[in-house]
$ cat input_35.txt   # compact mmCIF, C-alpha atoms and all ligand atoms
# COMPACT_ATOMS: atom_id res chain seq x y z
CA MET A 433 84.17 103.30 92.20
CA SER A 434 82.16 104.77 95.03
CA ILE A 435 83.07 108.39 95.68
CA SER A 436 80.85 108.69 98.77
CA SER A 437 82.60 105.96 100.73
CA ARG A 438 86.02 104.75 99.71
CA ARG A 439 88.15 101.86 100.96
CA PHE A 440 91.90 102.22 101.46
CA LEU A 441 94.23 99.29 102.05
CA VAL A 442 97.70 100.31 103.22
CA ILE A 443 100.23 97.47 103.07
CA GLY A 444 103.53 98.24 104.78
CA ALA A 445 106.45 96.03 105.71
CA HIS A 446 106.52 96.75 109.45
CA PRO A 447 104.05 97.64 112.22
CA ASP A 448 104.51 101.43 112.01
CA ASP A 449 105.04 101.86 108.25
CA PRO A 450 101.37 102.45 107.33
CA ASP A 451 101.10 104.72 110.40
CA LEU A 452 103.96 106.99 109.41
CA ARG A 453 103.19 107.18 105.72
CA PHE A 454 99.39 107.30 105.73
CA GLY A 455 98.51 108.20 109.34
CA GLY A 456 97.39 111.79 108.77
CA SER A 457 95.40 110.80 105.69
CA ALA A 458 93.86 107.89 107.62
CA ILE A 459 92.64 110.22 110.37
CA LYS A 460 91.08 112.65 107.89
CA LEU A 461 89.54 109.93 105.73
CA THR A 462 88.12 107.82 108.56
CA GLN A 463 86.65 110.94 110.20
CA ALA A 464 84.91 111.61 106.88
CA GLY A 465 83.40 108.10 106.89
CA HIS A 466 85.80 106.22 104.62
CA GLN A 467 87.22 102.80 105.49
CA VAL A 468 90.93 102.25 106.05
CA LYS A 469 92.75 99.01 106.78
CA PHE A 470 96.43 98.75 107.68
CA VAL A 471 98.54 95.65 107.07
CA SER A 472 102.06 94.94 108.25
CA MET A 473 103.68 92.15 106.26
CA THR A 474 106.04 91.30 109.13
CA ASN A 475 105.63 91.05 112.91
CA GLY A 476 108.43 93.55 113.64
CA ASN A 477 110.39 91.20 115.86
CA CYS A 478 113.80 92.68 114.93
CA GLY A 479 112.91 96.30 115.58
CA HIS A 480 114.79 96.86 118.82
CA LEU A 481 118.32 97.09 120.22
CA THR A 482 117.90 94.69 123.14
CA GLN A 483 114.49 93.02 122.74
CA GLY A 484 113.41 90.57 120.05
CA GLY A 485 111.56 87.40 119.16
CA ALA A 486 108.04 86.59 120.24
CA ALA A 487 108.06 89.06 123.14
CA LEU A 488 108.86 91.99 120.85
CA ALA A 489 106.35 90.79 118.23
CA ALA A 490 103.65 90.67 120.94
CA ARG A 491 104.59 94.11 122.19
CA ARG A 492 104.48 95.58 118.69
CA TYR A 493 101.14 93.90 117.98
CA GLU A 494 99.70 95.60 121.06
CA GLU A 495 101.19 98.96 120.06
CA SER A 496 99.72 98.64 116.56
CA GLN A 497 96.23 97.85 117.84
CA ASN A 498 96.36 100.89 120.13
CA ALA A 499 97.48 103.10 117.26
CA ALA A 500 94.78 101.65 115.00
CA ARG A 501 92.07 102.90 117.36
CA LEU A 502 93.47 106.44 117.27
CA PHE A 503 93.83 106.41 113.48
CA GLY A 504 90.24 105.16 113.21
CA VAL A 505 91.29 102.27 110.98
CA GLN A 506 88.94 99.34 110.79
CA GLN A 507 91.66 96.69 111.23
CA TYR A 508 95.42 96.56 111.68
CA GLN A 509 96.46 93.13 110.47
CA ILE A 510 99.96 91.91 111.34
CA LEU A 511 101.23 88.90 109.44
CA ASP A 512 103.33 86.36 111.31
CA VAL A 513 106.44 86.74 109.18
CA ASN A 514 109.74 87.48 110.88
CA ASP A 515 111.09 91.00 110.53
CA CYS A 516 113.98 91.26 108.01
CA GLU A 517 112.88 87.96 106.40
CA LEU A 518 110.07 89.03 104.04
CA GLU A 519 110.46 87.52 100.58
CA PRO A 520 108.39 88.04 97.43
CA SER A 521 107.53 84.33 97.37
CA LEU A 522 104.59 82.58 95.72
CA ALA A 523 103.09 81.81 99.14
CA MET A 524 103.24 85.47 100.17
CA ARG A 525 101.86 86.58 96.80
CA LYS A 526 98.83 84.37 97.40
CA GLN A 527 98.41 85.82 100.86
CA VAL A 528 98.50 89.41 99.58
CA ILE A 529 95.95 88.57 96.91
CA GLY A 530 93.68 87.04 99.56
CA ILE A 531 93.93 90.18 101.68
CA ILE A 532 93.07 92.45 98.74
CA ARG A 533 90.17 90.27 97.60
CA ASP A 534 88.75 90.10 101.12
CA PHE A 535 88.90 93.83 101.81
CA GLN A 536 87.85 94.93 98.28
CA PRO A 537 89.67 98.27 98.42
CA ASP A 538 89.33 101.14 95.98
CA VAL A 539 92.98 101.96 96.58
CA VAL A 540 95.95 99.83 97.65
CA LEU A 541 99.02 101.71 98.91
CA THR A 542 102.52 100.42 99.55
CA HIS A 543 106.22 101.26 99.44
CA ARG A 544 108.13 101.88 96.22
CA SER A 545 110.66 99.27 95.07
CA CYS A 546 113.57 101.71 95.45
CA ASP A 547 113.91 101.63 99.21
CA TYR A 548 116.73 101.03 101.68
CA HIS A 549 115.05 98.18 103.57
CA ALA A 550 114.88 94.68 102.11
CA ASP A 551 111.42 94.15 103.66
CA HIS A 552 110.10 97.38 102.10
CA ARG A 553 111.37 96.25 98.69
CA ALA A 554 109.88 92.78 99.10
CA CYS A 555 106.57 94.31 100.20
CA ALA A 556 106.57 96.62 97.18
CA GLN A 557 107.27 93.68 94.88
CA LEU A 558 104.48 91.58 96.41
CA VAL A 559 101.88 94.31 96.01
CA GLN A 560 102.97 95.06 92.44
CA ASP A 561 102.80 91.34 91.65
CA ALA A 562 99.26 91.28 93.04
CA ALA A 563 98.07 94.26 90.99
CA TYR A 564 97.29 92.21 87.91
CA LEU A 565 96.91 88.73 89.39
CA VAL A 566 94.21 89.84 91.82
CA MET A 567 91.86 89.97 88.81
CA VAL A 568 92.75 86.51 87.45
CA PRO A 569 89.85 84.25 88.55
CA GLN A 570 91.74 80.99 88.20
CA PHE A 571 94.61 82.17 90.41
CA CYS A 572 93.64 81.39 94.03
CA PRO A 573 90.09 80.46 92.90
CA GLU A 574 88.98 80.00 96.53
CA SER A 575 88.56 83.79 96.83
CA PRO A 576 86.43 85.58 94.22
CA ILE A 577 87.98 88.39 92.20
CA PRO A 578 86.79 91.95 92.99
CA ALA A 579 84.19 93.69 90.81
CA GLN A 580 86.87 96.16 89.75
CA ASN A 581 90.66 96.24 89.83
CA PRO A 582 91.76 98.64 92.60
CA VAL A 583 93.96 101.66 91.99
CA PHE A 584 97.49 100.99 93.23
CA ALA A 585 99.68 103.74 94.64
CA TYR A 586 102.96 104.42 96.42
CA VAL A 587 103.40 106.23 99.72
CA TYR A 588 106.00 108.95 100.13
CA ASP A 589 109.71 108.25 100.47
CA ALA A 590 112.70 110.53 100.01
CA PHE A 591 114.71 108.30 97.69
CA VAL A 592 115.87 109.94 94.46
CA GLU A 593 117.39 106.93 92.66
CA PRO A 594 116.18 106.16 90.05
CA ARG A 595 113.93 109.22 90.52
CA PRO A 596 112.04 111.04 93.27
CA LEU A 597 108.44 110.09 93.96
CA ARG A 598 106.12 111.73 91.44
CA VAL A 599 103.40 113.72 93.20
CA ASP A 600 100.05 112.61 91.81
CA ALA A 601 98.12 113.44 94.98
CA ALA A 602 98.81 115.36 98.17
CA VAL A 603 97.00 115.56 101.50
CA ASP A 604 97.48 118.54 103.81
CA ILE A 605 97.97 117.00 107.29
CA ASP A 606 98.64 120.19 109.30
CA SER A 607 95.28 120.03 111.09
CA VAL A 608 95.82 116.42 112.16
CA LEU A 609 99.55 116.44 112.88
CA ASN A 610 99.03 116.39 116.64
CA ALA A 611 96.49 113.56 116.33
CA LYS A 612 98.91 111.65 114.11
CA ASN A 613 101.63 112.10 116.73
CA ARG A 614 99.20 110.82 119.40
CA ALA A 615 98.84 107.60 117.43
CA LEU A 616 102.58 107.31 116.66
CA ASP A 617 103.09 107.73 120.42
CA CYS A 618 101.55 104.24 120.86
CA HIS A 619 104.64 102.73 119.21
CA VAL A 620 106.77 103.19 122.31
CA SER A 621 109.21 100.42 121.34
CA GLN A 622 109.94 102.28 118.11
CA PHE A 623 109.77 106.05 118.55
CA TYR A 624 111.11 106.16 122.10
CA GLU A 625 113.46 103.17 122.05
CA TRP A 626 114.70 101.61 118.79
CA LEU A 627 114.39 104.51 116.35
CA ALA A 628 115.24 106.92 119.18
CA TYR A 629 118.47 104.99 119.68
CA GLU A 630 119.19 105.29 115.96
CA LYS A 631 118.57 109.05 116.18
CA GLY A 632 121.01 109.44 119.07
CA TYR A 633 118.46 109.54 121.90
CA ALA A 634 119.68 106.33 123.58
CA ASN A 635 119.95 107.91 127.02
CA THR A 636 116.77 109.96 126.94
CA ASP A 637 114.03 109.10 129.43
CA PHE A 638 110.92 109.96 127.44
CA SER A 639 108.67 109.09 130.39
CA GLN A 640 109.78 112.42 131.86
CA TYR A 641 108.65 114.31 128.74
CA SER A 642 105.38 116.25 128.70
CA TRP A 643 103.04 115.55 125.78
CA GLU A 644 104.14 118.83 124.16
CA GLN A 645 107.79 117.74 124.35
CA LYS A 646 106.99 114.32 122.94
CA SER A 647 104.92 115.79 120.14
CA ASP A 648 107.71 118.26 119.28
CA TYR A 649 110.22 115.40 119.25
CA LEU A 650 107.99 113.27 116.98
CA THR A 651 107.41 116.22 114.66
CA GLU A 652 111.10 117.13 114.53
CA HIS A 653 112.28 113.63 113.66
CA TRP A 654 109.36 111.98 111.91
CA GLY A 655 107.32 114.94 110.76
CA ALA A 656 110.34 116.37 108.94
CA ARG A 657 110.00 114.09 105.95
CA PHE A 658 106.41 115.25 105.46
CA LYS A 659 107.63 118.82 105.48
CA ASN A 660 109.89 117.85 102.59
CA ALA A 661 106.91 116.08 101.02
CA ALA A 662 104.84 119.28 101.29
CA ASP A 663 107.60 121.21 99.51
CA LEU A 664 107.81 118.54 96.82
CA ALA A 665 104.01 118.73 96.45
CA ARG A 666 103.72 122.54 96.63
CA LYS A 667 102.26 122.95 93.14
CA GLN A 668 99.76 120.17 93.71
CA LEU A 669 98.74 121.59 97.10
CA GLN A 670 98.20 125.02 95.51
CA HIS A 671 96.24 123.41 92.70
CA CYS A 672 93.94 121.71 95.26
CA LEU A 673 93.68 124.39 97.93
CA GLY A 674 94.36 127.61 96.03
CA GLN A 675 97.59 129.62 95.78
CA LYS A 676 97.50 131.13 99.27
CA ALA A 677 96.29 128.17 101.32
CA GLY A 678 98.49 125.76 99.36
CA ALA A 679 101.56 127.91 100.02
CA LYS A 680 100.93 127.75 103.77
CA VAL A 681 100.76 123.96 104.15
CA LYS A 682 103.66 122.77 106.29
CA TYR A 683 103.16 118.99 106.34
CA ALA A 684 101.70 116.77 103.65
CA GLU A 685 101.43 113.08 102.85
CA VAL A 686 101.88 112.54 99.13
CA PHE A 687 101.18 109.68 96.77
CA GLU A 688 102.17 108.43 93.34
CA GLN A 689 99.84 106.36 91.20
CA SER A 690 101.27 103.01 90.15
CA ALA A 691 101.36 102.03 86.49
CA TYR A 692 99.56 98.78 87.43
CA GLY A 693 95.95 98.13 88.41
CA SER A 694 93.17 100.57 87.49
CA ILE A 695 94.52 103.84 86.13
CA LEU A 696 92.73 107.11 86.82
CA PRO A 697 93.27 110.55 85.29
CA GLN A 698 95.46 112.48 87.75
CA GLU A 699 92.63 114.79 88.84
CA GLU A 700 90.47 111.80 89.78
CA PHE A 701 93.39 110.15 91.53
CA GLN A 702 93.81 113.26 93.70
CA GLN A 703 90.06 113.30 94.42
CA LEU A 704 90.34 109.84 95.98
CA PHE A 705 92.34 111.28 98.87
CA LEU A 706 90.13 114.27 99.62
CA GLU A 707 87.40 113.88 102.25
ZN ZN B 801 109.56 99.63 107.77

$ encode --input "input_35.txt" --output "structure tokens"
Amino acid sequence: MSISSRRFLVIGAHPDDPDLRFGGSAIKLTQAGHQVKFVSMTNGNCGHLTQGGAALAARRYEESQNAARLFGVQQYQILDVNDCELEPSLAMRKQVIGIIRDFQPDVVLTHRSCDYHADHRACAQLVQDAAYLVMVPQFCPESPIPAQNPVFAYVYDAFVEPRPLRVDAAVDIDSVLNAKNRALDCHVSQFYEWLAYEKGYANTDFSQYSWEQKSDYLTEHWGARFKNAADLARKQLQHCLGQKAGAKVKYAEVFEQSAYGSILPQEEFQQLFLE
């Protein structure tokens, strides 16, 4: 595995999942010269109260491409699978394996299987299914197997059944929180409409908000989970940054190494995520 330039493949269920869960890390890593690719397994065409279908899918594609530029990711690939309809099928398994073999990542990140959304669970299943099969030359022989099996990992979630996410690596995102919000801001249909409606902001006209107000709103509602993640990862942050600096970190993106794919000692796994 190359330590000087690493390749990260983040496979989420919807066009905003990689952004939320890996956005701060993506900014830091791409600025340091590493390669990051985002994939959304669905086109997001159910993610709205009043809009849907092809028009919403097109809108969300545009939003994702705009966000991708701000995150510095090399490509944001959106698969043409309807939102809320992702299944861990053989056809999708083959597609995921093709994506991994093409990009040749050092690390593949995805959701855990214990998640509220059916698409997140299906996505998690598909990536786990790929972790071994990606190295089987006779499975999908049209694409060559990588030189080395990637490391597989899970992005942060707050679910505690059957157990909370185990912190194997943590990334301090305080210095890039504003930049992450700038990129999340591209997903207007989500953070200012659909998810805003779910958060009780249905009647708020965000176009009247200053950037500071928008950034505060994004931090309050979508940064909060990464504040919890920083608390969960406190020991790890102090281990990486020292007692004092680690204690001060407010927001962190944290990761758990999967039991499948290449397995690294925890220290080396953490090193993967540091610039
Ligand atoms: Zn999602």

$ atom_distance --input "input_35.txt" --atom1 "CA of Asn477 in chain A" --atom2 "CA of Gln622 in chain A"
11.3 Å

$ closest_residue --input "input_35.txt" --among "A:Leu502, A:Cys546, A:Val583, A:Ile443" --to "Leu616 in chain A" --atoms "all atoms listed in the file"
A:Leu502

$ closest_residue --input "input_35.txt" --among "A:His466, A:Arg438, A:Arg453, A:His552" --to "ligand ZN 801 (chain B)" --atoms "all atoms listed in the file"
A:His552

$ closest_residue --input "input_35.txt" --among "A:Asp547, A:Glu707, A:Glu517, A:Glu644" --to "Gln467 in chain A" --atoms "only C-alpha atoms"
A:Glu707

$ residues_near_ligand --input "input_35.txt" --ligand "ligand ZN 801 (chain B)" --cutoff "10 Å" --atoms "only C-alpha atoms and all ligand atoms" --output "list of chain:residue names"
A:Gly444, A:Ala445, A:His446, A:Pro447, A:Asp448, A:Asp449, A:Pro450, A:Leu452, A:Ser472, A:Met473, A:Thr474, A:Gly476, A:Gly479, A:Asp515, A:Cys516, A:His543, A:Asp547, A:Tyr548, A:His549, A:Ala550, A:Asp551, A:His552, A:Arg553, A:Cys555

$ closest_residue --input "input_35.txt" --among "A:Ile529, A:Leu441, A:Ala489, A:Ala677" --to "Val568 in chain A" --atoms "only C-alpha atoms"
A:Ile529

$ atom_distance --input "input_35.txt" --atom1 "CA of Gly655 in chain A" --atom2 "CA of Ser642 in chain A"
18.1 Å

$ residues_near_point --input "input_35.txt" --point "(104.2, 98.0, 118.8)" --cutoff "7 Å" --atoms "all atoms listed in the file" --output "VMD selection string"
chain A and resid 447 491 to 496 619 to 621

$ closest_residue --input "input_35.txt" --among "A:Phe535, A:Tyr683, A:Phe440, A:Tyr633" --to "Lys659 in chain A" --atoms "only C-alpha atoms"
A:Tyr683

$ closest_residue --input "input_35.txt" --among "A:Val608, A:Val566, A:Ile459, A:Val559" --to "Arg501 in chain A" --atoms "all atoms listed in the file"
A:Ile459

$ residues_near_point --input "input_35.txt" --point "(93.0, 91.7, 90.9)" --cutoff "8 Å" --atoms "all atoms listed in the file" --output "PDB file with C-alpha atoms, in the coordinates of the input"
ATOM      1  CA  ILE A 529      95.950  88.570  96.910  1.00  0.00           C
ATOM      2  CA  ILE A 532      93.070  92.450  98.740  1.00  0.00           C
ATOM      3  CA  ARG A 533      90.170  90.270  97.600  1.00  0.00           C
ATOM      4  CA  ALA A 562      99.260  91.280  93.040  1.00  0.00           C
ATOM      5  CA  ALA A 563      98.070  94.260  90.990  1.00  0.00           C
ATOM      6  CA  TYR A 564      97.290  92.210  87.910  1.00  0.00           C
ATOM      7  CA  LEU A 565      96.910  88.730  89.390  1.00  0.00           C
ATOM      8  CA  VAL A 566      94.210  89.840  91.820  1.00  0.00           C
ATOM      9  CA  MET A 567      91.860  89.970  88.810  1.00  0.00           C
ATOM     10  CA  VAL A 568      92.750  86.510  87.450  1.00  0.00           C
ATOM     11  CA  ILE A 577      87.980  88.390  92.200  1.00  0.00           C
ATOM     12  CA  PRO A 578      86.790  91.950  92.990  1.00  0.00           C
ATOM     13  CA  GLN A 580      86.870  96.160  89.750  1.00  0.00           C
ATOM     14  CA  ASN A 581      90.660  96.240  89.830  1.00  0.00           C
ATOM     15  CA  PRO A 582      91.760  98.640  92.600  1.00  0.00           C
ATOM     16  CA  GLY A 693      95.950  98.130  88.410  1.00  0.00           C
TER      17      GLY A 693
END

$ atom_distance --input "input_35.txt" --atom1 "CA of Ala486 in chain A" --atom2 "CA of Asp534 in chain A"
27.4 Å

$ residues_around --input "input_35.txt" --residues "Tyr629 in chain A" --least-positions-apart "4" --cutoff "12 Å" --atoms "only C-alpha atoms" --output "compact mmCIF listing (two decimals) with C-alpha atoms, in the frame of the given file"
# COMPACT_ATOMS: atom_id res chain seq x y z
CA GLY A 479 112.91 96.30 115.58
CA HIS A 480 114.79 96.86 118.82
CA LEU A 481 118.32 97.09 120.22
CA THR A 482 117.90 94.69 123.14
CA SER A 621 109.21 100.42 121.34
CA GLN A 622 109.94 102.28 118.11
CA PHE A 623 109.77 106.05 118.55
CA TYR A 624 111.11 106.16 122.10
CA GLU A 625 113.46 103.17 122.05
CA TYR A 633 118.46 109.54 121.90
CA ALA A 634 119.68 106.33 123.58
CA ASN A 635 119.95 107.91 127.02
CA THR A 636 116.77 109.96 126.94
CA ASP A 637 114.03 109.10 129.43
CA PHE A 638 110.92 109.96 127.44

$ residues_around --input "input_35.txt" --residues "Ala554 in chain A" --least-positions-apart "3" --cutoff "8 Å" --atoms "only C-alpha atoms" --output "list in words"
Leu518, Glu519, Pro520, Ser545, Ala550, Asp551, Gln557 and Leu558 of chain A

$ residues_around --input "input_35.txt" --residues "Gln702 in chain A" --least-positions-apart "3" --cutoff "7 Å" --atoms "all atoms listed in the file" --output "list in words"
Asp600, Ala601, Gln698, Glu699 and Phe705 of chain A

$ write_last_selection --input "input_35.txt" --atoms "C-alpha atoms" --output "PDB file, in the frame of the given file"
ATOM      1  CA  ASP A 600     100.050 112.610  91.810  1.00  0.00           C
ATOM      2  CA  ALA A 601      98.120 113.440  94.980  1.00  0.00           C
ATOM      3  CA  GLN A 698      95.460 112.480  87.750  1.00  0.00           C
ATOM      4  CA  GLU A 699      92.630 114.790  88.840  1.00  0.00           C
ATOM      5  CA  PHE A 705      92.340 111.280  98.870  1.00  0.00           C
TER       6      PHE A 705
END
